[in-house]
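J.: Dropping the structure in here first, questions after.
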Amino acid sequence: MDQNNSLPPYAQGLASPQGAMTPGIPIFSPMMPYGTGLTPQPIQNTSSLSILEEQQRQQQQQQQQQQQQQQQQQQQQQQAVAAVQQSTSQQATQGPSGQTPQLFHSQTLTTAPLPGTTPLYPSPMTPMTPITPATPASESSGIVPQLQNIVSTVNLGCKLDLKTIALRARNAEYNPKRFAAVIMRIREPRTTALIFSSGKMVCTGAKSEEQSRLAARKYARVVQKLGFPAKFLDFKIQNMVGSCDVKFPIRLEGLVLTHQQFSSYEPELFPGLIYRMIKPRIVLLIFVSGKVVLTGAKVRAEIYEAFENIYPILKGFRKTT
Amino acid sequence: MTFTFSQSQQITPQLALQVLLQFDKAINSALAQRVRNRVNFRGSLNTYRFCDNVWTFVLNDVEFREVTELIKVDKVKIVACDGK
C-alpha cells in the first residue's frame, strides 16, 4: 500500500523516457480534485480468495486516503513536477494531439480540493510547464460523470465443469446450446458474471472499480467452494461507462457540422450523436437533452478527462431557444 | 435435516427411480389434460437455476391468487420444464 507515498507503478513507467507514449503525467492526479476518496490501487497479488480480507483491505485503503490526503497531494505535485520536467524534452516534438481543447488537469491540485470543483491553474507553490495548451479563462464544469457500469475479466486459472457449477451453485443459468458459459449473479455488489469452462470469467454491472474487483472475488470464492482450485489471476478492468447531464439542450446538428471528423449523427438510426474522441480514446453519446454517456475507458480518469474536454465544446452548441 | 425414502432404506434406489419416472409421466399428462384453471402468483425470488432446460426457483412470501381464493406461503420451490 505504498501508492500514497510514491508514484504509482504505471505512472512511474510513464515518467521514464521509454514508457512515455502520452505525456508523462501520473494517471491518478486528475482524480484527486474530484475527491472520490477511492483511487484505484496497484494490482494486489494476494492469492487468498477471502472476501473478508478483501473488504478489510479496501476499508484500510479508504481510511489511509482520508487521513493522508493533504500530504499526498503535496508530494504528488512535487513528483508530477519532476515527471513533467523529465519528459518535457520528449514532448517538445509532439504537438497538441487531436483538435479537442486540452484542459490541463494533472497539475491543478490545491491543498484542499472540494468534490466537483477543479481549479484550472496550479497553486503558486508549484511551478509547472503545461504540456498541452490550456484553454485560458475557462472554468471546469463542476459536473462529475457518474460511473454506471464496469466490465472486468479475471482468470481463475483452472478448467471448470460448467454443469457441476450450474447444478450446485445458486442463481446460475447454463444453456450450452445457446451460450457456452454459466451466467451467475450475486446481489452485493449487484453484478453478473459469465464463467467459461476455460476458467476465465467476465464480471459486469459493478458501479466502481473496487466493487468490480470485490464481486469478481466473490464469484471466484463460489467456484472455489464448489471444489475447483480457483485462483485470482490477471484481474483487469476492460471497460468503464459513465454518464452525466450538462443541464442544457444541445444543437447536435451544429456539432456534427464542425466536428465531423469525430462525430456521427444519424437521427433516423439513433437519436444520439456518437463522438469518438481521440485523446483520450473515449466514445461519447451526446443527446439533445444534454445527457452524455461516456464509454470505452480503462481507467476512471479517462472518463473525467473526456468530459472536461467535451464540456466547453458542448457549451458552444447550447440551444438558445 | 430431511431424509429421503431411499436414504433411510425404506425402499430400494431402483424403486425410487421408478417412482420418479412414473411421477414425471403422471404429472405431464395431468397438467396437459386435467388442468383447466389459471392461477397467478407473486413473491420475492430467493434463488433460481437453469440447467438441462429445467428451471428451478425458490420464492419467499408468495401469494397464489385465483379468482376464488388467495393462498399465502412462506417458501415455495418451483421446478419447471419446457411445455413443448
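Letters A, B, ... mark the chains of the C-alpha cells in the order given; residue numbers begin at 1 per chain; ligand numbers begin at 1, in order shown.
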Tell me, as a PDB file with N, CA, C and O atoms, in the first residue's frame, which residues lie within 10 Å of Ala206 (chain A), counting only C-alpha atoms; anything in the same chain fewer than 2 positions away does not count.
T.:
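Wrote part27.pdb, looks like this:
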```pdb
ATOM      1  N   LEU A 147     -20.078   6.858 -12.642  1.00  0.00           N
ATOM      2  CA  LEU A 147     -19.830   5.561 -13.274  1.00  0.00           C
ATOM      3  C   LEU A 147     -21.087   4.709 -13.185  1.00  0.00           C
ATOM      4  O   LEU A 147     -21.716   4.631 -12.126  1.00  0.00           O
ATOM      5  N   GLN A 148     -21.454   4.089 -14.287  1.00  0.00           N
ATOM      6  CA  GLN A 148     -22.681   3.292 -14.323  1.00  0.00           C
ATOM      7  C   GLN A 148     -22.398   1.820 -14.470  1.00  0.00           C
ATOM      8  O   GLN A 148     -23.202   0.990 -14.048  1.00  0.00           O
ATOM      9  N   ASN A 149     -21.283   1.473 -15.119  1.00  0.00           N
ATOM     10  CA  ASN A 149     -21.044   0.062 -15.395  1.00  0.00           C
ATOM     11  C   ASN A 149     -19.553  -0.155 -15.567  1.00  0.00           C
ATOM     12  O   ASN A 149     -18.865   0.670 -16.154  1.00  0.00           O
ATOM     13  N   ILE A 150     -19.086  -1.268 -15.022  1.00  0.00           N
ATOM     14  CA  ILE A 150     -17.674  -1.622 -15.173  1.00  0.00           C
ATOM     15  C   ILE A 150     -17.625  -3.077 -15.615  1.00  0.00           C
ATOM     16  O   ILE A 150     -18.265  -3.935 -15.010  1.00  0.00           O
ATOM     17  N   VAL A 151     -16.871  -3.337 -16.678  1.00  0.00           N
ATOM     18  CA  VAL A 151     -16.708  -4.710 -17.158  1.00  0.00           C
ATOM     19  C   VAL A 151     -15.274  -5.115 -16.872  1.00  0.00           C
ATOM     20  O   VAL A 151     -14.341  -4.396 -17.230  1.00  0.00           O
ATOM     21  N   SER A 152     -15.106  -6.264 -16.235  1.00  0.00           N
ATOM     22  CA  SER A 152     -13.744  -6.704 -15.925  1.00  0.00           C
ATOM     23  C   SER A 152     -13.610  -8.194 -16.208  1.00  0.00           C
ATOM     24  O   SER A 152     -14.609  -8.909 -16.291  1.00  0.00           O
ATOM     25  N   GLU A 188     -24.783  -8.541  -3.993  1.00  0.00           N
ATOM     26  CA  GLU A 188     -23.992  -7.481  -3.375  1.00  0.00           C
ATOM     27  C   GLU A 188     -22.530  -7.693  -3.681  1.00  0.00           C
ATOM     28  O   GLU A 188     -21.929  -8.616  -3.117  1.00  0.00           O
ATOM     29  N   PRO A 189     -21.867  -6.949  -4.518  1.00  0.00           N
ATOM     30  CA  PRO A 189     -22.395  -5.880  -5.366  1.00  0.00           C
ATOM     31  C   PRO A 189     -23.259  -6.474  -6.486  1.00  0.00           C
ATOM     32  O   PRO A 189     -22.971  -7.566  -6.952  1.00  0.00           O
ATOM     33  N   ARG A 190     -24.262  -5.777  -6.872  1.00  0.00           N
ATOM     34  CA  ARG A 190     -25.194  -6.343  -7.855  1.00  0.00           C
ATOM     35  C   ARG A 190     -24.497  -6.467  -9.199  1.00  0.00           C
ATOM     36  O   ARG A 190     -24.282  -5.485  -9.901  1.00  0.00           O
ATOM     37  N   THR A 191     -24.125  -7.706  -9.540  1.00  0.00           N
ATOM     38  CA  THR A 191     -23.335  -7.933 -10.747  1.00  0.00           C
ATOM     39  C   THR A 191     -23.741  -9.254 -11.388  1.00  0.00           C
ATOM     40  O   THR A 191     -24.412 -10.072 -10.769  1.00  0.00           O
ATOM     41  N   THR A 192     -23.283  -9.423 -12.617  1.00  0.00           N
ATOM     42  CA  THR A 192     -23.492 -10.666 -13.361  1.00  0.00           C
ATOM     43  C   THR A 192     -22.140 -11.154 -13.841  1.00  0.00           C
ATOM     44  O   THR A 192     -21.312 -10.348 -14.283  1.00  0.00           O
ATOM     45  N   CYS A 203     -16.912 -10.165 -15.489  1.00  0.00           N
ATOM     46  CA  CYS A 203     -17.793  -9.654 -14.433  1.00  0.00           C
ATOM     47  C   CYS A 203     -18.328  -8.294 -14.860  1.00  0.00           C
ATOM     48  O   CYS A 203     -17.550  -7.381 -15.158  1.00  0.00           O
ATOM     49  N   THR A 204     -19.658  -8.151 -14.906  1.00  0.00           N
ATOM     50  CA  THR A 204     -20.238  -6.899 -15.388  1.00  0.00           C
ATOM     51  C   THR A 204     -21.228  -6.348 -14.378  1.00  0.00           C
ATOM     52  O   THR A 204     -21.777  -7.090 -13.566  1.00  0.00           O
ATOM     53  N   SER A 208     -18.236   0.586  -9.451  1.00  0.00           N
ATOM     54  CA  SER A 208     -16.918   1.160  -9.175  1.00  0.00           C
ATOM     55  C   SER A 208     -15.874   0.075  -9.357  1.00  0.00           C
ATOM     56  O   SER A 208     -16.195  -1.111  -9.415  1.00  0.00           O
ATOM     57  N   GLU A 209     -14.616   0.523  -9.462  1.00  0.00           N
ATOM     58  CA  GLU A 209     -13.524  -0.428  -9.706  1.00  0.00           C
ATOM     59  C   GLU A 209     -13.410  -1.414  -8.562  1.00  0.00           C
ATOM     60  O   GLU A 209     -13.223  -2.624  -8.757  1.00  0.00           O
ATOM     61  N   GLU A 210     -13.505  -0.903  -7.346  1.00  0.00           N
ATOM     62  CA  GLU A 210     -13.338  -1.789  -6.197  1.00  0.00           C
ATOM     63  C   GLU A 210     -14.505  -2.756  -6.083  1.00  0.00           C
ATOM     64  O   GLU A 210     -14.325  -3.913  -5.721  1.00  0.00           O
ATOM     65  N   GLN A 211     -15.695  -2.284  -6.426  1.00  0.00           N
ATOM     66  CA  GLN A 211     -16.843  -3.183  -6.382  1.00  0.00           C
ATOM     67  C   GLN A 211     -16.699  -4.284  -7.410  1.00  0.00           C
ATOM     68  O   GLN A 211     -17.083  -5.423  -7.166  1.00  0.00           O
ATOM     69  N   SER A 212     -16.149  -3.920  -8.582  1.00  0.00           N
ATOM     70  CA  SER A 212     -15.966  -4.931  -9.623  1.00  0.00           C
ATOM     71  C   SER A 212     -14.986  -5.996  -9.147  1.00  0.00           C
ATOM     72  O   SER A 212     -15.198  -7.201  -9.336  1.00  0.00           O
ATOM     73  N   ARG A 213     -13.927  -5.538  -8.499  1.00  0.00           N
ATOM     74  CA  ARG A 213     -12.930  -6.492  -8.016  1.00  0.00           C
ATOM     75  C   ARG A 213     -13.507  -7.355  -6.903  1.00  0.00           C
ATOM     76  O   ARG A 213     -13.298  -8.571  -6.867  1.00  0.00           O
ATOM     77  N   LEU A 214     -14.239  -6.738  -6.008  1.00  0.00           N
ATOM     78  CA  LEU A 214     -14.839  -7.491  -4.910  1.00  0.00           C
ATOM     79  C   LEU A 214     -15.824  -8.518  -5.439  1.00  0.00           C
ATOM     80  O   LEU A 214     -15.856  -9.673  -5.003  1.00  0.00           O
ATOM     81  N   ALA A 215     -16.635  -8.110  -6.398  1.00  0.00           N
ATOM     82  CA  ALA A 215     -17.610  -9.043  -6.974  1.00  0.00           C
ATOM     83  C   ALA A 215     -16.903 -10.212  -7.641  1.00  0.00           C
ATOM     84  O   ALA A 215     -17.295 -11.371  -7.463  1.00  0.00           O
ATOM     85  N   ALA A 216     -15.852  -9.912  -8.398  1.00  0.00           N
ATOM     86  CA  ALA A 216     -15.125 -10.986  -9.072  1.00  0.00           C
ATOM     87  C   ALA A 216     -14.550 -11.960  -8.051  1.00  0.00           C
ATOM     88  O   ALA A 216     -14.552 -13.180  -8.255  1.00  0.00           O
ATOM     89  N   MET A 240     -15.186   0.917 -18.835  1.00  0.00           N
ATOM     90  CA  MET A 240     -15.921   1.665 -17.820  1.00  0.00           C
ATOM     91  C   MET A 240     -16.874   2.608 -18.529  1.00  0.00           C
ATOM     92  O   MET A 240     -16.506   3.255 -19.521  1.00  0.00           O
TER      93      MET A 240
END
```
J.: Please, which residues of chain B lie no more than 6 Å from chain A when the count uses only C-alpha atoms, and can they be set out as an MDAnalysis selection string?
T.: chainID B and resid 47:51
J.: Let's have the selection written as a PDB file, in the first residue's frame, with C-alpha atoms.
T.:
```pdb
ATOM      1  CA  THR B  47     -32.730 -18.307  -5.888  1.00  0.00           C
ATOM      2  CA  TYR B  48     -33.005 -19.512  -9.463  1.00  0.00           C
ATOM      3  CA  ARG B  49     -31.281 -22.159 -11.540  1.00  0.00           C
ATOM      4  CA  PHE B  50     -31.400 -23.185 -15.170  1.00  0.00           C
ATOM      5  CA  CYS B  51     -29.665 -26.392 -16.197  1.00  0.00           C
TER       6      CYS B  51
END
```
J.: List the neighbours of region 297-312 of chain A out to 6 Å using only C-alpha atoms; skip same-chain residues closer than 2 positions along the sequence, and give me the result as a list of chain:residue names.
T.: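 My reading of the contact set: A:Met31, A:Gln238, A:Asn239, A:Met240, A:Thr295, A:Leu314, A:Lys315.
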J.: Residues near Asn46 (chain B), anyone? I mean within 12 Å using only C-alpha atoms, not counting same-chain ones fewer than 2 positions away, as a PyMOL selection string.
T.: (chain A and resi 170-171+185-187) or (chain B and resi 43-44+48-49+56-62+74-78)
J.: Any idea what's packed within 10 Å of region 19-36 of chain B, counting only C-alpha atoms, ignoring anything in its chain fewer than 3 positions away? Could you give it as a ChimeraX atom specification?
T.: /B:13-16,81,83
J.: Give the helix (DSSP H, G or I) residues of chain B, as DSSP finds them on the backbone, and put them as a VMD selection string.
T.: chain B and resid 13 to 33
J.: Atoms to include: N, CA, C and O atoms. Write the selected residues as an mmCIF file, in the first residue's frame.
T.:
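Result file follows (part_24.cif):
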```cif
data_model
loop_
_atom_site.group_PDB
_atom_site.id
_atom_site.type_symbol
_atom_site.label_atom_id
_atom_site.label_comp_id
_atom_site.auth_asym_id
_atom_site.auth_seq_id
_atom_site.Cartn_x
_atom_site.Cartn_y
_atom_site.Cartn_z
ATOM 1 N N PRO B 13 -33.193 -48.104 -4.122
ATOM 2 C CA PRO B 13 -32.924 -46.982 -5.031
ATOM 3 C C PRO B 13 -33.604 -47.183 -6.385
ATOM 4 O O PRO B 13 -34.049 -46.226 -7.012
ATOM 5 N N GLN B 14 -33.682 -48.444 -6.817
ATOM 6 C CA GLN B 14 -34.287 -48.686 -8.111
ATOM 7 C C GLN B 14 -35.775 -48.355 -8.079
ATOM 8 O O GLN B 14 -36.308 -47.765 -9.021
ATOM 9 N N LEU B 15 -36.412 -48.721 -6.967
ATOM 10 C CA LEU B 15 -37.831 -48.392 -6.829
ATOM 11 C C LEU B 15 -38.032 -46.891 -6.779
ATOM 12 O O LEU B 15 -38.970 -46.345 -7.364
ATOM 13 N N ALA B 16 -37.127 -46.223 -6.104
ATOM 14 C CA ALA B 16 -37.226 -44.759 -6.024
ATOM 15 C C ALA B 16 -37.165 -44.156 -7.421
ATOM 16 O O ALA B 16 -37.944 -43.266 -7.753
ATOM 17 N N LEU B 17 -36.247 -44.666 -8.231
ATOM 18 C CA LEU B 17 -36.129 -44.158 -9.602
ATOM 19 C C LEU B 17 -37.411 -44.398 -10.389
ATOM 20 O O LEU B 17 -37.879 -43.524 -11.122
ATOM 21 N N GLN B 18 -38.003 -45.588 -10.219
ATOM 22 C CA GLN B 18 -39.254 -45.892 -10.912
ATOM 23 C C GLN B 18 -40.360 -44.938 -10.487
ATOM 24 O O GLN B 18 -41.170 -44.484 -11.313
ATOM 25 N N VAL B 19 -40.381 -44.614 -9.184
ATOM 26 C CA VAL B 19 -41.402 -43.683 -8.682
ATOM 27 C C VAL B 19 -41.249 -42.328 -9.363
ATOM 28 O O VAL B 19 -42.229 -41.713 -9.800
ATOM 29 N N LEU B 20 -39.996 -41.865 -9.433
ATOM 30 C CA LEU B 20 -39.768 -40.557 -10.048
ATOM 31 C C LEU B 20 -40.185 -40.557 -11.515
ATOM 32 O O LEU B 20 -40.804 -39.602 -11.997
ATOM 33 N N LEU B 21 -39.833 -41.621 -12.243
ATOM 34 C CA LEU B 21 -40.196 -41.674 -13.660
ATOM 35 C C LEU B 21 -41.716 -41.688 -13.825
ATOM 36 O O LEU B 21 -42.273 -41.020 -14.695
ATOM 37 N N GLN B 22 -42.394 -42.458 -12.974
ATOM 38 C CA GLN B 22 -43.859 -42.529 -13.055
ATOM 39 C C GLN B 22 -44.461 -41.167 -12.729
ATOM 40 O O GLN B 22 -45.434 -40.745 -13.357
ATOM 41 N N PHE B 23 -43.862 -40.467 -11.752
ATOM 42 C CA PHE B 23 -44.345 -39.136 -11.410
ATOM 43 C C PHE B 23 -44.240 -38.205 -12.609
ATOM 44 O O PHE B 23 -45.176 -37.465 -12.925
ATOM 45 N N ASP B 24 -43.077 -38.248 -13.286
ATOM 46 C CA ASP B 24 -42.900 -37.387 -14.458
ATOM 47 C C ASP B 24 -44.001 -37.635 -15.482
ATOM 48 O O ASP B 24 -44.605 -36.715 -16.018
ATOM 49 N N LYS B 25 -44.277 -38.922 -15.765
ATOM 50 C CA LYS B 25 -45.320 -39.243 -16.749
ATOM 51 C C LYS B 25 -46.674 -38.749 -16.275
ATOM 52 O O LYS B 25 -47.425 -38.122 -17.022
ATOM 53 N N ALA B 26 -46.988 -39.040 -15.018
ATOM 54 C CA ALA B 26 -48.317 -38.707 -14.495
ATOM 55 C C ALA B 26 -48.531 -37.204 -14.466
ATOM 56 O O ALA B 26 -49.597 -36.700 -14.871
ATOM 57 N N ILE B 27 -47.532 -36.457 -14.003
ATOM 58 C CA ILE B 27 -47.732 -35.017 -13.860
ATOM 59 C C ILE B 27 -47.859 -34.365 -15.235
ATOM 60 O O ILE B 27 -48.649 -33.446 -15.444
ATOM 61 N N ASN B 28 -47.071 -34.862 -16.190
ATOM 62 C CA ASN B 28 -47.149 -34.282 -17.526
ATOM 63 C C ASN B 28 -48.525 -34.498 -18.142
ATOM 64 O O ASN B 28 -49.099 -33.587 -18.733
ATOM 65 N N SER B 29 -49.064 -35.708 -17.978
ATOM 66 C CA SER B 29 -50.387 -35.945 -18.573
ATOM 67 C C SER B 29 -51.461 -35.203 -17.800
ATOM 68 O O SER B 29 -52.394 -34.660 -18.388
ATOM 69 N N ALA B 30 -51.301 -35.120 -16.479
ATOM 70 C CA ALA B 30 -52.303 -34.405 -15.675
ATOM 71 C C ALA B 30 -52.340 -32.930 -16.027
ATOM 72 O O ALA B 30 -53.409 -32.347 -16.228
ATOM 73 N N LEU B 31 -51.175 -32.316 -16.121
ATOM 74 C CA LEU B 31 -51.143 -30.891 -16.438
ATOM 75 C C LEU B 31 -51.700 -30.637 -17.829
ATOM 76 O O LEU B 31 -52.349 -29.620 -18.083
ATOM 77 N N ALA B 32 -51.454 -31.568 -18.751
ATOM 78 C CA ALA B 32 -51.916 -31.350 -20.114
ATOM 79 C C ALA B 32 -53.424 -31.566 -20.244
ATOM 80 O O ALA B 32 -54.084 -30.841 -20.982
ATOM 81 N N GLN B 33 -53.955 -32.588 -19.538
ATOM 82 C CA GLN B 33 -55.344 -32.996 -19.769
ATOM 83 C C GLN B 33 -56.307 -32.527 -18.693
ATOM 84 O O GLN B 33 -57.450 -32.224 -18.983
#
```
J.: State, in Å with one decimal place, the distance from CA of Pro145 (chain A) to CA of Glu268 (chain A).
T.: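 These atoms are spaced 27.4 Å apart.
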J.: Calculate how many Å separate CA of Leu156 (chain A) from CA of Leu233 (chain A), rounding to one decimal.
T.: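 Straight-line distance from CA of Leu156 (chain A) to CA of Leu233 (chain A) works out to 6.1 Å.
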